[in-house]
$ cat query-v4.cif   # mmCIF, C-alpha atoms
data_upload
#
loop_
_atom_site.group_PDB
_atom_site.id
_atom_site.type_symbol
_atom_site.label_atom_id
_atom_site.label_comp_id
_atom_site.auth_asym_id
_atom_site.auth_seq_id
_atom_site.Cartn_x
_atom_site.Cartn_y
_atom_site.Cartn_z
ATOM 1 C CA MET Q 1 -24.749 5.075 -34.254
ATOM 2 C CA VAL Q 2 -21.131 5.399 -33.248
ATOM 3 C CA TYR Q 3 -20.007 3.839 -29.987
ATOM 4 C CA TYR Q 4 -17.577 5.788 -27.851
ATOM 5 C CA SER Q 5 -15.526 4.332 -25.036
ATOM 6 C CA MET Q 6 -13.440 6.803 -23.090
ATOM 7 C CA ASP Q 7 -11.591 3.988 -21.321
ATOM 8 C CA LEU Q 8 -10.313 2.518 -24.573
ATOM 9 C CA ASP Q 9 -9.172 5.975 -25.677
ATOM 10 C CA ILE Q 10 -7.099 6.354 -22.535
ATOM 11 C CA THR Q 11 -5.797 2.778 -22.580
ATOM 12 C CA PHE Q 12 -4.669 2.857 -26.214
ATOM 13 C CA PHE Q 13 -3.190 6.324 -25.767
ATOM 14 C CA ALA Q 14 -1.203 5.094 -22.750
ATOM 15 C CA LEU Q 15 0.151 2.244 -24.908
ATOM 16 C CA SER Q 16 1.158 4.529 -27.788
ATOM 17 C CA ASP Q 17 4.452 5.523 -26.166
ATOM 18 C CA PRO Q 18 7.515 3.231 -26.004
ATOM 19 C CA THR Q 19 8.566 4.447 -22.540
ATOM 20 C CA ARG Q 20 5.120 3.703 -21.144
ATOM 21 C CA ARG Q 21 5.093 0.239 -22.735
ATOM 22 C CA ALA Q 22 8.570 -0.362 -21.281
ATOM 23 C CA ILE Q 23 7.331 0.690 -17.815
ATOM 24 C CA ILE Q 24 4.446 -1.788 -18.119
ATOM 25 C CA SER Q 25 6.931 -4.459 -19.200
ATOM 26 C CA LYS Q 26 9.185 -3.799 -16.185
ATOM 27 C CA LEU Q 27 6.228 -3.865 -13.783
ATOM 28 C CA ALA Q 28 5.183 -7.246 -15.164
ATOM 29 C CA LYS Q 29 8.099 -8.598 -13.069
ATOM 30 C CA GLY Q 30 6.491 -7.255 -9.903
ATOM 31 C CA GLU Q 31 6.062 -4.199 -7.714
ATOM 32 C CA MET Q 32 9.028 -1.857 -7.870
ATOM 33 C CA PRO Q 33 10.305 1.342 -6.189
ATOM 34 C CA ILE Q 34 9.810 4.292 -8.519
ATOM 35 C CA MET Q 35 13.574 5.037 -8.588
ATOM 36 C CA GLU Q 36 14.357 1.506 -9.755
ATOM 37 C CA LEU Q 37 11.572 1.727 -12.315
ATOM 38 C CA ALA Q 38 12.945 5.001 -13.712
ATOM 39 C CA SER Q 39 16.645 4.048 -13.752
ATOM 40 C CA PRO Q 40 16.996 2.418 -17.223
ATOM 41 C CA PHE Q 41 15.422 5.310 -19.060
ATOM 42 C CA ASP Q 42 17.566 7.953 -20.651
ATOM 43 C CA MET Q 43 15.456 10.796 -19.294
ATOM 44 C CA SER Q 44 14.967 12.810 -16.105
ATOM 45 C CA LEU Q 45 12.907 11.490 -13.172
ATOM 46 C CA PRO Q 46 10.248 14.204 -13.780
ATOM 47 C CA ALA Q 47 9.977 13.030 -17.402
ATOM 48 C CA VAL Q 48 9.487 9.408 -16.287
ATOM 49 C CA SER Q 49 7.022 10.587 -13.611
ATOM 50 C CA LYS Q 50 4.943 12.234 -16.322
ATOM 51 C CA HIS Q 51 4.656 8.890 -18.114
ATOM 52 C CA ILE Q 52 3.793 7.196 -14.811
ATOM 53 C CA ARG Q 53 0.951 9.683 -14.296
ATOM 54 C CA VAL Q 54 -0.452 8.868 -17.762
ATOM 55 C CA LEU Q 55 -0.391 5.167 -16.814
ATOM 56 C CA GLU Q 56 -2.058 5.935 -13.458
ATOM 57 C CA LYS Q 57 -4.797 7.927 -15.199
ATOM 58 C CA ALA Q 58 -5.361 4.947 -17.495
ATOM 59 C CA GLY Q 59 -5.707 2.683 -14.446
ATOM 60 C CA LEU Q 60 -2.684 0.651 -15.548
ATOM 61 C CA LEU Q 61 -0.440 1.527 -12.618
ATOM 62 C CA SER Q 62 -0.993 2.091 -8.931
ATOM 63 C CA ARG Q 63 1.334 3.666 -6.458
ATOM 64 C CA ARG Q 64 1.739 3.174 -2.687
ATOM 65 C CA LYS Q 65 4.051 4.871 -0.214
ATOM 66 C CA GLN Q 66 6.064 2.870 2.314
ATOM 67 C CA GLY Q 67 8.299 5.005 4.491
ATOM 68 C CA ARG Q 68 9.890 7.458 2.090
ATOM 69 C CA VAL Q 69 9.666 5.174 -0.929
ATOM 70 C CA TYR Q 70 6.956 5.083 -3.578
ATOM 71 C CA TYR Q 71 6.266 1.641 -5.018
ATOM 72 C CA CYS Q 72 4.580 1.137 -8.392
ATOM 73 C CA ARG Q 73 2.489 -1.849 -9.384
ATOM 74 C CA LEU Q 74 0.907 -3.013 -12.630
ATOM 75 C CA ASN Q 75 -2.888 -3.168 -12.965
ATOM 76 C CA ALA Q 76 -3.355 -5.122 -16.150
ATOM 77 C CA ARG Q 77 -7.152 -5.139 -16.141
ATOM 78 C CA PRO Q 78 -7.628 -2.275 -18.659
ATOM 79 C CA LEU Q 79 -5.498 -4.289 -21.102
ATOM 80 C CA ARG Q 80 -8.269 -6.880 -21.113
ATOM 81 C CA GLU Q 81 -10.733 -4.454 -22.720
ATOM 82 C CA ALA Q 82 -8.106 -3.423 -25.276
ATOM 83 C CA THR Q 83 -7.413 -7.083 -26.075
ATOM 84 C CA LYS Q 84 -11.139 -7.797 -26.411
ATOM 85 C CA TRP Q 85 -11.568 -4.893 -28.807
ATOM 86 C CA LEU Q 86 -8.680 -6.166 -30.936
ATOM 87 C CA ALA Q 87 -9.762 -9.807 -30.782
ATOM 88 C CA PHE Q 88 -12.649 -9.197 -33.181
ATOM 89 C CA TYR Q 89 -10.186 -8.199 -35.911
ATOM 90 C CA GLN Q 90 -8.015 -11.289 -35.747
ATOM 91 C CA GLN Q 91 -10.371 -12.871 -38.332
ATOM 92 C CA PHE Q 92 -8.988 -10.343 -40.820
ATOM 93 C CA TRP Q 93 -5.330 -11.131 -40.308
ATOM 94 C CA ASP Q 94 -5.215 -14.826 -39.651
ATOM 95 C CA ALA Q 95 -7.913 -17.416 -40.255
ATOM 96 C CA LYS Q 96 -6.210 -19.975 -38.017
ATOM 97 C CA LEU Q 97 -6.941 -17.800 -35.000
ATOM 98 C CA ASP Q 98 -10.707 -17.926 -35.500
ATOM 99 C CA SER Q 99 -11.398 -19.097 -31.997
ATOM 100 C CA LEU Q 100 -9.583 -16.231 -30.277
ATOM 101 C CA SER Q 101 -12.780 -14.190 -29.955
ATOM 102 C CA ASN Q 102 -14.618 -17.157 -28.452
ATOM 103 C CA PHE Q 103 -11.737 -17.588 -26.063
ATOM 104 C CA LEU Q 104 -12.057 -14.037 -24.806
ATOM 105 C CA GLU Q 105 -15.842 -14.230 -24.571
ATOM 106 C CA GLU Q 106 -15.852 -17.358 -22.394
ATOM 107 C CA MET T 1 17.954 -1.947 -22.527
ATOM 108 C CA VAL T 2 14.628 -0.495 -23.592
ATOM 109 C CA TYR T 3 13.002 -1.779 -26.771
ATOM 110 C CA TYR T 4 11.357 0.757 -29.033
ATOM 111 C CA SER T 5 8.891 -0.087 -31.759
ATOM 112 C CA MET T 6 7.730 2.838 -33.853
ATOM 113 C CA ASP T 7 5.035 0.708 -35.481
ATOM 114 C CA LEU T 8 3.364 -0.080 -32.170
ATOM 115 C CA ASP T 9 3.475 3.634 -31.275
ATOM 116 C CA ILE T 10 1.593 4.508 -34.439
ATOM 117 C CA THR T 11 -0.837 1.584 -34.204
ATOM 118 C CA PHE T 12 -1.820 2.226 -30.581
ATOM 119 C CA PHE T 13 -2.054 5.970 -31.248
ATOM 120 C CA ALA T 14 -4.379 5.306 -34.208
ATOM 121 C CA LEU T 15 -6.580 3.206 -31.906
ATOM 122 C CA SER T 16 -6.740 5.859 -29.160
ATOM 123 C CA ASP T 17 -9.513 7.807 -30.881
ATOM 124 C CA PRO T 18 -13.183 6.684 -30.950
ATOM 125 C CA THR T 19 -13.798 7.990 -34.491
ATOM 126 C CA ARG T 20 -10.806 6.041 -35.807
ATOM 127 C CA ARG T 21 -11.951 2.861 -34.025
ATOM 128 C CA ALA T 22 -15.436 3.382 -35.482
ATOM 129 C CA ILE T 23 -13.940 3.768 -38.998
ATOM 130 C CA ILE T 24 -12.053 0.478 -38.510
ATOM 131 C CA SER T 25 -15.277 -1.133 -37.304
ATOM 132 C CA LYS T 26 -17.203 0.075 -40.375
ATOM 133 C CA LEU T 27 -14.470 -1.096 -42.753
ATOM 134 C CA ALA T 28 -14.615 -4.549 -41.175
ATOM 135 C CA LYS T 29 -17.822 -4.966 -43.226
ATOM 136 C CA GLY T 30 -15.890 -4.420 -46.456
ATOM 137 C CA GLU T 31 -14.457 -1.806 -48.788
ATOM 138 C CA MET T 32 -16.470 1.403 -48.795
ATOM 139 C CA PRO T 33 -16.605 4.742 -50.667
ATOM 140 C CA ILE T 34 -15.121 7.484 -48.493
ATOM 141 C CA MET T 35 -18.421 9.453 -48.506
ATOM 142 C CA GLU T 36 -20.331 6.460 -47.165
ATOM 143 C CA LEU T 37 -17.609 5.869 -44.586
ATOM 144 C CA ALA T 38 -17.796 9.483 -43.395
ATOM 145 C CA SER T 39 -21.606 9.842 -43.331
ATOM 146 C CA PRO T 40 -22.479 8.613 -39.791
ATOM 147 C CA PHE T 41 -19.980 10.893 -38.091
ATOM 148 C CA ASP T 42 -21.098 14.184 -36.674
ATOM 149 C CA MET T 43 -18.163 16.085 -38.162
ATOM 150 C CA SER T 44 -17.044 17.630 -41.453
ATOM 151 C CA LEU T 45 -15.566 15.550 -44.279
ATOM 152 C CA PRO T 46 -12.133 17.225 -43.799
ATOM 153 C CA ALA T 47 -12.256 16.229 -40.115
ATOM 154 C CA VAL T 48 -13.029 12.599 -41.015
ATOM 155 C CA SER T 49 -10.335 12.738 -43.718
ATOM 156 C CA LYS T 50 -7.799 13.724 -41.084
ATOM 157 C CA HIS T 51 -8.653 10.580 -39.112
ATOM 158 C CA ILE T 52 -8.429 8.529 -42.312
ATOM 159 C CA ARG T 53 -4.915 9.875 -42.914
ATOM 160 C CA VAL T 54 -3.861 8.828 -39.402
ATOM 161 C CA LEU T 55 -5.168 5.314 -40.148
ATOM 162 C CA GLU T 56 -3.357 5.288 -43.520
ATOM 163 C CA LYS T 57 -0.094 6.352 -41.857
ATOM 164 C CA ALA T 58 -0.554 3.478 -39.402
ATOM 165 C CA GLY T 59 -1.002 1.074 -42.327
ATOM 166 C CA LEU T 60 -4.525 0.232 -41.144
ATOM 167 C CA LEU T 61 -6.374 1.650 -44.142
ATOM 168 C CA SER T 62 -5.682 1.801 -47.849
ATOM 169 C CA ARG T 63 -7.377 3.929 -50.449
ATOM 170 C CA ARG T 64 -7.949 3.390 -54.175
ATOM 171 C CA LYS T 65 -9.580 5.639 -56.768
ATOM 172 C CA GLN T 66 -12.162 4.318 -59.206
ATOM 173 C CA GLY T 67 -13.562 6.942 -61.527
ATOM 174 C CA ARG T 68 -14.193 9.921 -59.263
ATOM 175 C CA VAL T 69 -14.751 7.866 -56.138
ATOM 176 C CA TYR T 70 -12.220 6.995 -53.440
ATOM 177 C CA TYR T 71 -12.711 3.603 -51.804
ATOM 178 C CA CYS T 72 -11.267 2.744 -48.401
ATOM 179 C CA ARG T 73 -10.290 -0.712 -47.211
ATOM 180 C CA LEU T 74 -9.180 -2.157 -43.891
ATOM 181 C CA ASN T 75 -5.659 -3.563 -43.514
ATOM 182 C CA ALA T 76 -5.859 -5.378 -40.205
ATOM 183 C CA ARG T 77 -2.290 -6.687 -40.164
ATOM 184 C CA PRO T 78 -0.842 -3.997 -37.817
ATOM 185 C CA LEU T 79 -3.513 -5.032 -35.291
ATOM 186 C CA ARG T 80 -1.768 -8.406 -35.110
ATOM 187 C CA GLU T 81 1.377 -6.867 -33.615
ATOM 188 C CA ALA T 82 -0.720 -4.875 -31.152
ATOM 189 C CA THR T 83 -2.600 -8.049 -30.153
ATOM 190 C CA LYS T 84 0.668 -9.953 -29.739
ATOM 191 C CA TRP T 85 2.088 -7.223 -27.512
ATOM 192 C CA LEU T 86 -1.050 -7.321 -25.341
ATOM 193 C CA ALA T 87 -1.278 -11.123 -25.285
ATOM 194 C CA PHE T 88 1.670 -11.394 -22.886
ATOM 195 C CA TYR T 89 -0.280 -9.478 -20.248
ATOM 196 C CA GLN T 90 -3.393 -11.650 -20.247
ATOM 197 C CA GLN T 91 -1.670 -13.784 -17.573
ATOM 198 C CA PHE T 92 -2.075 -10.820 -15.223
ATOM 199 C CA TRP T 93 -5.789 -10.310 -15.727
ATOM 200 C CA ASP T 94 -7.201 -13.769 -16.140
ATOM 201 C CA ALA T 95 -5.584 -17.104 -15.371
ATOM 202 C CA LYS T 96 -8.094 -19.045 -17.462
ATOM 203 C CA LEU T 97 -6.726 -17.400 -20.587
ATOM 204 C CA ASP T 98 -3.232 -18.812 -20.060
ATOM 205 C CA SER T 99 -3.049 -20.301 -23.516
ATOM 206 C CA LEU T 100 -3.752 -17.070 -25.395
ATOM 207 C CA SER T 101 -0.050 -16.347 -25.818
ATOM 208 C CA ASN T 102 0.567 -19.858 -27.125
ATOM 209 C CA PHE T 103 -2.296 -19.365 -29.518
ATOM 210 C CA LEU T 104 -0.755 -16.253 -30.971
ATOM 211 C CA GLU T 105 2.716 -17.789 -31.166
ATOM 212 C CA GLU T 106 1.552 -20.815 -33.131
#

$ encode --input "query-v4.cif" --output "structure tokens"
Amino acid sequence: MVYYSMDLDITFFALSDPTRRAIISKLAKGEMPIMELASPFDMSLPAVSKHIRVLEKAGLLSRRKQGRVYYCRLNARPLREATKWLAFYQQFWDAKLDSLSNFLEE
Amino acid sequence: MVYYSMDLDITFFALSDPTRRAIISKLAKGEMPIMELASPFDMSLPAVSKHIRVLEKAGLLSRRKQGRVYYCRLNARPLREATKWLAFYQQFWDAKLDSLSNFLEE
């Protein structure tokens, strides 16, 4: 009766933290060394790394090593499923967006 | 430098659980007595009530009492902010959806 999707759990959980959303926002500008990614946050590198691991587990971030530097990159694909889940509910908050669901189904 | 939105934290957290998403899905059909809402879930009423409180805190559900019965109703508005946050990223997962952001801005 009740449909469970583990992926959506992990995606929405990853998005429920402001630091993780800010990391996603920074990576939208392109691949970035982990030190540069971590620099604006008022927390230790291990604390930022913990958030990065949550994003990796959610499939939202991938990491590659070049020389001694780790680069992080955004994988936005899981956000598509989250957006599709939400799209159904737009009919309840704004009638003028009725075709959003159709948009996402096409 | 980093933008924090408490509301988005709470909204995305509320969505990170399959029971809470299923409650939202059921309430999309209309207002419902809490007992009817809780019935399909393989858990105790207090356990479902805990999820309902998380949804209430997120502003996604409201409750009213009529006689001895509590009725629950969906408030989809917070989902709009979540959808708007996600809409920016559609450019990274599918080029054909380029106008989704414009849609939501209109």

$ atom_distance --input "query-v4.cif" --atom1 "CA of Asp7 in chain Q" --atom2 "CA of Ala58 in chain Q"
7.4 Å

$ calpha_fit_and_write --input "query-v4.cif" --fixed "chain Q" --moving "chain T" --output "PDB file with C-alpha atoms, in the coordinates of the input"
ATOM      1  CA  MET T   1     -24.795   5.202 -34.206  1.00  0.00           C
ATOM      2  CA  VAL T   2     -21.162   5.496 -33.196  1.00  0.00           C
ATOM      3  CA  TYR T   3     -20.034   3.917 -29.935  1.00  0.00           C
ATOM      4  CA  TYR T   4     -17.601   5.867 -27.806  1.00  0.00           C
ATOM      5  CA  SER T   5     -15.538   4.391 -25.015  1.00  0.00           C
ATOM      6  CA  MET T   6     -13.430   6.861 -23.081  1.00  0.00           C
ATOM      7  CA  ASP T   7     -11.600   4.038 -21.311  1.00  0.00           C
ATOM      8  CA  LEU T   8     -10.333   2.544 -24.557  1.00  0.00           C
ATOM      9  CA  ASP T   9      -9.186   6.018 -25.662  1.00  0.00           C
ATOM     10  CA  ILE T  10      -7.084   6.378 -22.537  1.00  0.00           C
ATOM     11  CA  THR T  11      -5.794   2.794 -22.584  1.00  0.00           C
ATOM     12  CA  PHE T  12      -4.692   2.859 -26.228  1.00  0.00           C
ATOM     13  CA  PHE T  13      -3.193   6.332 -25.773  1.00  0.00           C
ATOM     14  CA  ALA T  14      -1.199   5.086 -22.760  1.00  0.00           C
ATOM     15  CA  LEU T  15       0.133   2.237 -24.919  1.00  0.00           C
ATOM     16  CA  SER T  16       1.154   4.519 -27.810  1.00  0.00           C
ATOM     17  CA  ASP T  17       4.442   5.503 -26.178  1.00  0.00           C
ATOM     18  CA  PRO T  18       7.513   3.206 -26.013  1.00  0.00           C
ATOM     19  CA  THR T  19       8.574   4.423 -22.547  1.00  0.00           C
ATOM     20  CA  ARG T  20       5.113   3.684 -21.149  1.00  0.00           C
ATOM     21  CA  ARG T  21       5.090   0.209 -22.737  1.00  0.00           C
ATOM     22  CA  ALA T  22       8.561  -0.404 -21.281  1.00  0.00           C
ATOM     23  CA  ILE T  23       7.324   0.665 -17.806  1.00  0.00           C
ATOM     24  CA  ILE T  24       4.427  -1.810 -18.123  1.00  0.00           C
ATOM     25  CA  SER T  25       6.899  -4.486 -19.207  1.00  0.00           C
ATOM     26  CA  LYS T  26       9.154  -3.833 -16.193  1.00  0.00           C
ATOM     27  CA  LEU T  27       6.212  -3.870 -13.777  1.00  0.00           C
ATOM     28  CA  ALA T  28       5.159  -7.250 -15.155  1.00  0.00           C
ATOM     29  CA  LYS T  29       8.056  -8.615 -13.055  1.00  0.00           C
ATOM     30  CA  GLY T  30       6.460  -7.264  -9.878  1.00  0.00           C
ATOM     31  CA  GLU T  31       6.025  -4.191  -7.711  1.00  0.00           C
ATOM     32  CA  MET T  32       9.008  -1.862  -7.869  1.00  0.00           C
ATOM     33  CA  PRO T  33      10.290   1.333  -6.189  1.00  0.00           C
ATOM     34  CA  ILE T  34       9.801   4.289  -8.528  1.00  0.00           C
ATOM     35  CA  MET T  35      13.574   5.017  -8.598  1.00  0.00           C
ATOM     36  CA  GLU T  36      14.339   1.483  -9.750  1.00  0.00           C
ATOM     37  CA  LEU T  37      11.550   1.707 -12.315  1.00  0.00           C
ATOM     38  CA  ALA T  38      12.940   4.969 -13.707  1.00  0.00           C
ATOM     39  CA  SER T  39      16.644   4.009 -13.758  1.00  0.00           C
ATOM     40  CA  PRO T  40      17.009   2.359 -17.215  1.00  0.00           C
ATOM     41  CA  PHE T  41      15.414   5.252 -19.063  1.00  0.00           C
ATOM     42  CA  ASP T  42      17.567   7.883 -20.655  1.00  0.00           C
ATOM     43  CA  MET T  43      15.469  10.748 -19.303  1.00  0.00           C
ATOM     44  CA  SER T  44      14.977  12.764 -16.115  1.00  0.00           C
ATOM     45  CA  LEU T  45      12.912  11.473 -13.189  1.00  0.00           C
ATOM     46  CA  PRO T  46      10.247  14.184 -13.793  1.00  0.00           C
ATOM     47  CA  ALA T  47       9.983  12.999 -17.414  1.00  0.00           C
ATOM     48  CA  VAL T  48       9.488   9.380 -16.302  1.00  0.00           C
ATOM     49  CA  SER T  49       7.031  10.577 -13.635  1.00  0.00           C
ATOM     50  CA  LYS T  50       4.952  12.216 -16.343  1.00  0.00           C
ATOM     51  CA  HIS T  51       4.666   8.863 -18.126  1.00  0.00           C
ATOM     52  CA  ILE T  52       3.794   7.194 -14.817  1.00  0.00           C
ATOM     53  CA  ARG T  53       0.952   9.685 -14.323  1.00  0.00           C
ATOM     54  CA  VAL T  54      -0.433   8.862 -17.779  1.00  0.00           C
ATOM     55  CA  LEU T  55      -0.389   5.161 -16.823  1.00  0.00           C
ATOM     56  CA  GLU T  56      -2.064   5.941 -13.471  1.00  0.00           C
ATOM     57  CA  LYS T  57      -4.790   7.955 -15.221  1.00  0.00           C
ATOM     58  CA  ALA T  58      -5.360   4.962 -17.504  1.00  0.00           C
ATOM     59  CA  GLY T  59      -5.723   2.717 -14.444  1.00  0.00           C
ATOM     60  CA  LEU T  60      -2.708   0.664 -15.546  1.00  0.00           C
ATOM     61  CA  LEU T  61      -0.455   1.536 -12.617  1.00  0.00           C
ATOM     62  CA  SER T  62      -1.013   2.122  -8.931  1.00  0.00           C
ATOM     63  CA  ARG T  63       1.332   3.691  -6.441  1.00  0.00           C
ATOM     64  CA  ARG T  64       1.728   3.201  -2.686  1.00  0.00           C
ATOM     65  CA  LYS T  65       4.054   4.905  -0.210  1.00  0.00           C
ATOM     66  CA  GLN T  66       6.061   2.925   2.321  1.00  0.00           C
ATOM     67  CA  GLY T  67       8.295   5.044   4.502  1.00  0.00           C
ATOM     68  CA  ARG T  68       9.875   7.499   2.078  1.00  0.00           C
ATOM     69  CA  VAL T  69       9.667   5.204  -0.920  1.00  0.00           C
ATOM     70  CA  TYR T  70       6.961   5.094  -3.587  1.00  0.00           C
ATOM     71  CA  TYR T  71       6.253   1.650  -5.023  1.00  0.00           C
ATOM     72  CA  CYS T  72       4.566   1.142  -8.384  1.00  0.00           C
ATOM     73  CA  ARG T  73       2.460  -1.838  -9.385  1.00  0.00           C
ATOM     74  CA  LEU T  74       0.889  -3.005 -12.627  1.00  0.00           C
ATOM     75  CA  ASN T  75      -2.904  -3.151 -12.954  1.00  0.00           C
ATOM     76  CA  ALA T  76      -3.369  -5.109 -16.153  1.00  0.00           C
ATOM     77  CA  ARG T  77      -7.170  -5.129 -16.151  1.00  0.00           C
ATOM     78  CA  PRO T  78      -7.645  -2.244 -18.660  1.00  0.00           C
ATOM     79  CA  LEU T  79      -5.512  -4.265 -21.099  1.00  0.00           C
ATOM     80  CA  ARG T  80      -8.301  -6.850 -21.104  1.00  0.00           C
ATOM     81  CA  GLU T  81     -10.753  -4.422 -22.711  1.00  0.00           C
ATOM     82  CA  ALA T  82      -8.131  -3.402 -25.265  1.00  0.00           C
ATOM     83  CA  THR T  83      -7.452  -7.077 -26.065  1.00  0.00           C
ATOM     84  CA  LYS T  84     -11.176  -7.778 -26.399  1.00  0.00           C
ATOM     85  CA  TRP T  85     -11.609  -4.859 -28.790  1.00  0.00           C
ATOM     86  CA  LEU T  86      -8.715  -6.139 -30.924  1.00  0.00           C
ATOM     87  CA  ALA T  87      -9.792  -9.789 -30.762  1.00  0.00           C
ATOM     88  CA  PHE T  88     -12.684  -9.178 -33.168  1.00  0.00           C
ATOM     89  CA  TYR T  89     -10.228  -8.190 -35.893  1.00  0.00           C
ATOM     90  CA  GLN T  90      -8.038 -11.286 -35.743  1.00  0.00           C
ATOM     91  CA  GLN T  91     -10.412 -12.855 -38.307  1.00  0.00           C
ATOM     92  CA  PHE T  92      -9.051 -10.343 -40.818  1.00  0.00           C
ATOM     93  CA  TRP T  93      -5.379 -11.097 -40.311  1.00  0.00           C
ATOM     94  CA  ASP T  94      -5.221 -14.801 -39.690  1.00  0.00           C
ATOM     95  CA  ALA T  95      -7.883 -17.426 -40.282  1.00  0.00           C
ATOM     96  CA  LYS T  96      -6.158 -19.983 -38.063  1.00  0.00           C
ATOM     97  CA  LEU T  97      -6.852 -17.797 -35.048  1.00  0.00           C
ATOM     98  CA  ASP T  98     -10.623 -17.966 -35.525  1.00  0.00           C
ATOM     99  CA  SER T  99     -11.263 -19.107 -31.992  1.00  0.00           C
ATOM    100  CA  LEU T 100      -9.484 -16.206 -30.293  1.00  0.00           C
ATOM    101  CA  SER T 101     -12.715 -14.247 -29.944  1.00  0.00           C
ATOM    102  CA  ASN T 102     -14.473 -17.260 -28.446  1.00  0.00           C
ATOM    103  CA  PHE T 103     -11.587 -17.634 -26.059  1.00  0.00           C
ATOM    104  CA  LEU T 104     -11.963 -14.107 -24.799  1.00  0.00           C
ATOM    105  CA  GLU T 105     -15.747 -14.359 -24.548  1.00  0.00           C
ATOM    106  CA  GLU T 106     -15.658 -17.485 -22.404  1.00  0.00           C
TER     107      GLU T 106
END

$ residues_around --input "query-v4.cif" --residues "Pro40 in chain Q" --least-positions-apart "3" --cutoff "12 Å" --atoms "all atoms listed in the file" --output "short mmCIF file (atom, residue, chain, number, x, y, z; two decimals) with C-alpha atoms, in the coordinates of the input"
data_model
loop_
_atom_site.label_atom_id
_atom_site.label_comp_id
_atom_site.auth_asym_id
_atom_site.auth_seq_id
_atom_site.Cartn_x
_atom_site.Cartn_y
_atom_site.Cartn_z
CA THR Q 19 8.57 4.45 -22.54
CA ALA Q 22 8.57 -0.36 -21.28
CA ILE Q 23 7.33 0.69 -17.82
CA LYS Q 26 9.18 -3.80 -16.18
CA ILE Q 34 9.81 4.29 -8.52
CA MET Q 35 13.57 5.04 -8.59
CA GLU Q 36 14.36 1.51 -9.76
CA LEU Q 37 11.57 1.73 -12.32
CA MET Q 43 15.46 10.80 -19.29
CA SER Q 44 14.97 12.81 -16.10
CA LEU Q 45 12.91 11.49 -13.17
CA VAL Q 48 9.49 9.41 -16.29
CA MET T 1 17.95 -1.95 -22.53
CA VAL T 2 14.63 -0.50 -23.59
CA TYR T 3 13.00 -1.78 -26.77
#

$ resolve_selection --input "query-v4.cif" --expression "the PyMOL selection byres ((chain T and resi 69) around 10)" --output "list in words"
Met32, Pro33, Ile34, Met35, Arg64, Lys65, Gln66, Gly67, Arg68, Tyr70, Tyr71 and Cys72 of chain T

$ residues_near_point --input "query-v4.cif" --point "(-10.3, -1.9, -32.0)" --cutoff "6 Å" --atoms "only C-alpha atoms" --output "ChimeraX atom specification"
/Q:85-86 /T:21

$ resolve_selection --input "query-v4.cif" --expression "the PyMOL selection byres ((chain T) within 7 of (chain Q))" --output "PyMOL selection string"
chain T and resi 1-2+4-5+8-10+12-13+15-18+22+40+76-77+79-80+83+86+89-90+92-93

$ axis_aligned_box --input "query-v4.cif" --around "range 28-42 of chain Q" --padding-each-side "4 Å" --output "lines of an AutoDock Vina configuration file"
center_x = 11.4
center_y = -0.3
center_z = -13.4
size_x = 20.4
size_y = 24.6
size_z = 22.5

$ atom_distance --input "query-v4.cif" --atom1 "CA of Ala38 in chain Q" --atom2 "CA of Glu81 in chain T"
25.9 Å

$ atom_distance --input "query-v4.cif" --atom1 "CA of Glu31 in chain T" --atom2 "CA of Arg73 in chain T"
4.6 Å
